[in-house]
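Structure data (mmCIF, C-alpha atoms and all ligand atoms) from entry.cif:
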data_model
#
loop_
_atom_site.label_atom_id
_atom_site.label_comp_id
_atom_site.auth_asym_id
_atom_site.auth_seq_id
_atom_site.Cartn_x
_atom_site.Cartn_y
_atom_site.Cartn_z
CA MET A 4 -4.67 -11.17 14.54
CA GLU A 5 -1.32 -10.90 16.26
CA LEU A 6 0.71 -7.96 14.88
CA LYS A 7 3.74 -10.04 13.81
CA VAL A 8 1.47 -12.52 12.01
CA ALA A 9 -0.34 -9.65 10.26
CA ILE A 10 2.88 -7.92 9.17
CA GLU A 11 4.59 -11.08 7.98
CA GLY A 12 1.43 -12.53 6.45
CA ARG A 13 0.66 -9.63 4.11
CA ARG A 14 1.75 -10.41 0.55
CA SER A 15 1.01 -8.85 -2.83
CA THR A 16 -1.33 -10.84 -5.03
CA ARG A 17 -1.62 -10.72 -8.80
CA LYS A 18 -3.84 -13.78 -9.15
CA PHE A 19 -7.36 -13.44 -7.76
CA SER A 20 -10.21 -15.94 -7.39
CA THR A 21 -13.67 -15.07 -8.72
CA LYS A 22 -15.01 -14.60 -5.17
CA LYS A 23 -16.13 -11.02 -4.63
CA ALA A 24 -14.79 -9.09 -1.64
CA ASP A 25 -17.31 -7.86 0.92
CA TRP A 26 -17.44 -4.07 0.39
CA ARG A 27 -17.94 -3.56 4.14
CA ASN A 28 -14.47 -4.95 4.76
CA ILE A 29 -13.06 -2.47 2.25
CA ILE A 30 -14.83 0.40 4.05
CA GLU A 31 -13.33 -0.84 7.36
CA ALA A 32 -9.88 -0.93 5.79
CA ILE A 33 -10.35 2.65 4.57
CA HIS A 34 -11.53 3.63 8.06
CA SER A 35 -8.33 2.14 9.54
CA THR A 36 -6.24 4.70 7.60
CA GLN A 37 -7.65 7.42 9.84
CA TYR A 38 -5.67 6.05 12.78
CA ALA A 39 -2.32 6.51 11.02
CA PRO A 40 -0.04 9.31 12.22
CA MET A 41 -0.68 12.54 10.30
CA ALA A 42 1.23 15.83 10.74
CA GLY A 43 -1.02 18.31 12.55
CA SER A 44 -3.70 15.59 12.53
CA ILE A 45 -4.67 16.78 9.05
CA PHE A 46 -6.02 13.90 6.99
CA PRO A 47 -5.31 14.79 3.35
CA PHE A 48 -6.75 11.72 1.61
CA LYS A 49 -9.84 10.66 -0.25
CA PHE A 50 -10.63 7.19 -1.54
CA VAL A 51 -12.50 6.16 -4.66
CA ILE A 52 -14.00 2.65 -4.59
CA ILE A 53 -14.47 1.46 -8.15
CA ASP A 54 -16.90 -1.40 -8.79
CA ASP A 55 -17.87 -0.57 -12.37
CA GLN A 56 -16.24 -3.28 -14.49
CA GLU A 57 -15.92 -0.93 -17.47
CA ILE A 58 -14.00 1.56 -15.36
CA ILE A 59 -11.85 -1.24 -13.90
CA LYS A 60 -11.04 -2.27 -17.47
CA GLU A 61 -9.87 1.27 -18.23
CA VAL A 62 -7.82 1.37 -15.02
CA ALA A 63 -6.11 -1.92 -15.98
CA LYS A 64 -5.44 -0.58 -19.47
CA TRP A 65 -3.91 2.71 -18.31
CA SER A 66 -1.86 0.90 -15.66
CA GLU A 67 -0.66 -1.60 -18.27
CA GLN A 68 -1.46 -4.33 -15.74
CA GLU A 69 -3.89 -6.84 -17.14
CA PHE A 70 -4.36 -8.73 -13.86
CA ILE A 71 -6.38 -5.80 -12.45
CA ASN A 72 -9.27 -7.03 -14.63
CA GLN A 73 -9.65 -10.07 -12.35
CA VAL A 74 -11.10 -8.09 -9.42
CA LYS A 75 -14.52 -6.66 -8.64
CA TYR A 76 -13.17 -3.72 -6.63
CA VAL A 77 -10.33 -1.27 -7.09
CA VAL A 78 -9.57 1.47 -4.57
CA ALA A 79 -7.81 4.65 -5.67
CA VAL A 80 -6.03 6.56 -2.90
CA VAL A 81 -6.11 10.27 -3.71
CA SER A 82 -4.16 12.94 -1.85
CA ASP A 83 -4.56 16.67 -1.49
CA LYS A 84 -1.16 18.13 -0.64
CA ASP A 85 -2.65 21.65 -0.59
CA MET A 86 -4.38 20.66 2.66
CA VAL A 87 -0.97 19.88 4.19
CA LYS A 88 0.55 23.04 2.67
CA VAL A 89 -1.64 25.30 4.81
CA SER A 90 0.09 24.19 8.03
CA PHE A 91 3.39 22.90 6.62
CA PRO A 92 4.23 24.96 3.53
CA LYS A 93 7.85 23.78 3.30
CA GLU A 94 7.31 20.10 4.00
CA SER A 95 3.92 19.56 2.36
CA GLU A 96 5.17 17.28 -0.40
CA LYS A 97 7.36 15.16 1.86
CA PHE A 98 4.70 14.93 4.57
CA THR A 99 1.97 13.99 2.10
CA HIS A 100 4.02 11.11 0.73
CA GLN A 101 5.08 9.90 4.17
CA GLU A 102 1.47 10.07 5.36
CA THR A 103 0.41 8.14 2.27
CA GLY A 104 2.74 5.32 3.25
CA ALA A 105 1.51 5.27 6.85
CA ALA A 106 -2.16 5.33 5.80
CA ILE A 107 -1.70 2.67 3.15
CA GLU A 108 0.09 0.28 5.49
CA ASN A 109 -2.92 0.40 7.85
CA PHE A 110 -5.17 -0.21 4.84
CA LEU A 111 -3.12 -3.20 3.66
CA LEU A 112 -2.89 -4.82 7.08
CA THR A 113 -6.63 -4.42 7.69
CA LEU A 114 -7.45 -5.97 4.30
CA SER A 115 -5.08 -8.80 5.13
CA ASP A 116 -6.78 -9.26 8.51
CA PHE A 117 -10.07 -9.81 6.63
CA GLY A 118 -8.37 -12.44 4.45
CA LEU A 119 -8.43 -10.08 1.47
CA SER A 120 -5.55 -9.58 -0.93
CA THR A 121 -4.35 -6.73 -3.09
CA CYS A 122 -1.35 -5.39 -4.91
CA TRP A 123 -0.07 -1.84 -4.53
CA ILE A 124 -0.23 -0.33 -8.03
CA GLY A 125 2.13 2.61 -8.39
CA HIS A 126 2.69 2.42 -12.14
CA PHE A 127 -0.20 4.02 -14.03
CA ASN A 128 -1.00 6.90 -16.35
CA GLU A 129 -2.23 9.37 -13.77
CA GLU A 130 -3.57 11.89 -16.25
CA LYS A 131 -5.75 9.29 -17.99
CA ILE A 132 -7.00 7.68 -14.80
CA LYS A 133 -7.79 11.04 -13.20
CA LYS A 134 -9.90 11.85 -16.24
CA ILE A 135 -11.71 8.50 -16.12
CA LEU A 136 -12.46 8.87 -12.38
CA LYS A 137 -13.31 12.58 -12.79
CA ILE A 138 -10.79 13.57 -10.11
CA PRO A 139 -10.13 17.34 -10.02
CA GLU A 140 -6.76 18.60 -11.26
CA GLU A 141 -5.39 19.64 -7.83
CA TYR A 142 -5.54 16.11 -6.40
CA GLU A 143 -2.96 13.39 -6.93
CA ILE A 144 -3.62 9.68 -7.31
CA GLU A 145 -1.10 8.09 -4.96
CA ALA A 146 -1.85 4.46 -5.71
CA LEU A 147 -4.45 1.97 -6.88
CA PHE A 148 -5.44 -1.24 -5.12
CA PRO A 149 -7.24 -4.08 -6.87
CA ILE A 150 -8.94 -6.05 -4.09
CA GLY A 151 -10.15 -9.63 -3.93
CA TYR A 152 -9.24 -13.07 -2.67
CA SER A 153 -5.92 -14.53 -3.71
CA SER A 154 -5.98 -17.71 -5.75
CA GLU A 155 -2.26 -18.22 -5.18
CA LYS A 156 -0.78 -20.28 -2.42
CA THR A 157 0.82 -17.56 -0.32
CA LYS A 158 4.54 -18.02 0.06
CA LYS A 159 6.05 -17.28 3.44
CA ALA A 160 7.35 -13.71 3.56
CA LYS A 161 11.07 -13.10 3.91
CA PRO A 162 12.73 -9.89 5.11
CA LYS A 163 13.61 -7.71 2.10
CA SER A 164 17.10 -6.99 3.37
CA ASP A 165 19.13 -8.14 6.30
CA ILE A 166 19.39 -6.09 9.44
CA TYR A 167 23.21 -6.07 9.33
CA ASN A 168 23.18 -4.02 6.11
CA ILE A 169 20.61 -1.40 7.07
CA LEU A 170 21.48 -0.47 10.61
CA TYR A 171 23.91 2.20 11.83
CA PHE A 172 24.88 3.22 15.34
CA ASN A 173 25.21 6.91 16.15
CA THR A 174 26.93 7.84 12.88
CA TRP A 175 27.09 6.52 9.33
CA GLN A 176 30.54 4.91 9.84
CA HIS A 177 29.25 2.51 12.46
CA ASN A 178 27.30 0.18 10.29
CA ARG A 179 28.49 -3.15 11.54
CA MET A 180 26.73 -4.75 14.42
CA ARG A 181 27.89 -7.75 16.31
CA LYS A 182 25.55 -10.67 16.22
CA VAL A 183 23.08 -10.40 19.02
CA GLU A 184 21.46 -13.61 20.18
CA LYS A 185 18.03 -12.06 20.61
CA ILE A 186 17.59 -10.75 17.08
CA GLU A 187 19.61 -13.49 15.40
CA SER A 188 16.46 -15.58 15.20
CA ARG A 189 14.93 -12.94 12.93
CA ALA A 190 17.86 -12.75 10.52
CA PRO A 191 17.48 -14.48 7.16
CA GLU A 192 18.76 -18.00 6.71
CA GLY A 193 22.51 -18.22 6.50
CA TYR A 194 23.14 -15.78 9.33
C1 LIG B 201 5.25 2.36 -4.23
C2 LIG B 201 4.96 0.97 -4.76
C3 LIG B 201 4.57 0.82 -6.07
C4 LIG B 201 4.27 -0.45 -6.57
N1 LIG B 201 3.80 -0.58 -7.85
C5 LIG B 201 3.50 -1.79 -8.33
C6 LIG B 201 2.93 -1.94 -9.62
O1 LIG B 201 2.66 -0.97 -10.34
N2 LIG B 201 2.64 -3.20 -10.05
C7 LIG B 201 2.87 -4.33 -9.28
O2 LIG B 201 2.58 -5.43 -9.76
N3 LIG B 201 3.38 -4.20 -8.03
C8 LIG B 201 3.68 -2.98 -7.52
N4 LIG B 201 4.13 -2.85 -6.24
C9 LIG B 201 4.17 -4.04 -5.37
C10 LIG B 201 5.59 -4.57 -5.17
O3 LIG B 201 6.05 -5.10 -6.38
C11 LIG B 201 5.53 -5.64 -4.07
O4 LIG B 201 5.21 -5.02 -2.85
C12 LIG B 201 6.86 -6.38 -3.97
O5 LIG B 201 6.96 -7.24 -5.05
C13 LIG B 201 7.03 -7.15 -2.69
O6 LIG B 201 6.04 -8.11 -2.52
P1 LIG B 201 5.12 -8.21 -1.21
O7 LIG B 201 4.18 -7.00 -1.27
O8 LIG B 201 4.39 -9.52 -1.36
O9 LIG B 201 5.98 -8.14 0.00
C14 LIG B 201 4.41 -1.59 -5.72
C15 LIG B 201 4.80 -1.41 -4.39
C16 LIG B 201 5.05 -0.15 -3.90
C17 LIG B 201 5.40 0.03 -2.45
#

Go ahead and render the structure in this file as structure tokens.
Amino acid sequence: MELKVAIEGRRSTRKFSTKKADWRNIIEAIHSTQYAPMAGSIFPFKFVIIDDQEIIKEVAKWSEQEFINQVKYVVAVVSDKDMVKVSFPKESEKFTHQETGAAIENFLLTLSDFGLSTCWIGHFNEEKIKKILKIPEEYEIEALFPIGYSSEKTKKAKPKSDIYNILYFNTWQHNRMRKVEKIESRAPEGY
């Protein structure tokens, strides 16, 4: 899939069909995280694939997000910031979270490339879910991903902000750019 199509085609789904995802595609998506940039090439993540419907039910309950019950697979992304701390004691927390984002974006785009859908779940009771999944105390659950096929008609993605409001030149004061023909085509409607 062309990169632009993959990036703009990925959307969160909260309505899933009954079709079960192929677990091999999920493994491939997890594998793709290992190509993300990681400080010192340390890979501080583990993944838990959940296919036990009783456990999924508990995950949905402790995330307060009923729609998670629709899927046959949930992936928990678990980080170990102590691994990062060994080489980067001062930045371990920041690096772990930045690396989480980089790894997860690979994961999401690869799922999307397989025609699979998910929704990044960041709101959950970590203590409860760690207990349910028997994850040791020192690890952190970064996010949960219910995975399946979307039953929604995917709406075309729009940029979440416009480039004129987020871009600075050299220093913070220079935040106004003149319209440039080349990127104008990417600006949201109305520009
Ligand atoms: C850190 C993070 C946490 C999120 N947590 C939740 C969540 O708990 N529940 C949910 O329904 N969506 C959650 N989302 C998904 C966003 O709501 C979603 O990405 C946003 O609505 C934009 O839609 P899009 O992914 O289709 O571009 C989260 C996204 C991120 C990046």

Taking all atoms listed in the file into account, report as a ChimeraX atom specification which residues have an atom no farther than 10 Å from an atom of ligand LIG 201 (chain B). /A:10-17,66-71,103-104,107-108,111,120-127,145-148,157-163

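Close contacts of Ile132 of chain A, defined as residues with an atom at most 9 Å away when counting all atoms listed in the file, with chain neighbours fewer than 2 positions off set aside, comprise Glu61, Val62, Trp65, Ser66, Phe127, Asn128, Glu129, Glu130, Lys134, Ile135, Leu136, Lys137, Ile138 and Ile144 of chain A.
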
Residues within 10 Å of Pro40 of chain A, please, as a PyMOL selection string. Count only C-alpha atoms; anything in the same chain fewer than 6 positions from it doesn't count. chain A and resi 46+101-102+105-106

Write the residues of the preceding selection, restricted to C-alpha atoms, as a PDB file, in the frame of the given file.
ATOM      1  CA  PHE A  46      -6.020  13.900   6.990  1.00  0.00           C
ATOM      2  CA  GLN A 101       5.080   9.900   4.170  1.00  0.00           C
ATOM      3  CA  GLU A 102       1.470  10.070   5.360  1.00  0.00           C
ATOM      4  CA  ALA A 105       1.510   5.270   6.850  1.00  0.00           C
ATOM      5  CA  ALA A 106      -2.160   5.330   5.800  1.00  0.00           C
TER       6      ALA A 106
END

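Among the candidates A:Tyr152, A:Tyr38, A:Phe48, A:Phe98, the residue lying nearest to Lys18 of chain A is A:Tyr152 (atoms considered: all atoms listed in the file).
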
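For Met86 of chain A, the residues within 9 Å (counting all atoms listed in the file, excluding itself and residues fewer than 6 positions away along the chain) are Ile45, Phe46, Pro47 and Ser95 of chain A.
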
Could you state the separation of atom CA of Tyr76 of chain A and atom CA of Trp26 of chain A in Å, given to one decimal place? 8.2 Å

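Between Ile59 of chain A and the residues A:Ala24, A:Ile166, A:Ile150, A:Leu6, the shortest atom-to-atom distance, using all atoms listed in the file, involves A:Ile150.
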
Grab all the atoms of segment 88-107 of chain A that the file lists, wrap them in a box along x, y and z, add 5 Å per side, and give me centre plus edge lengths in Å (one decimal) as JSON.
{"center_x": 2.8, "center_y": 14.0, "center_z": 3.8, "size_x": 20.0, "size_y": 32.6, "size_z": 18.4}

Neighbourhood query: residues within 8 Å of (-8.3, 11.0, -7.0), file coordinates, counting only C-alpha atoms; return as a ChimeraX atom specification. /A:49-51,79-82,133,136-139,142-144

A straight line from atom CA of Phe117 of chain A to atom CA of Ala42 of chain A spans 28.3 Å
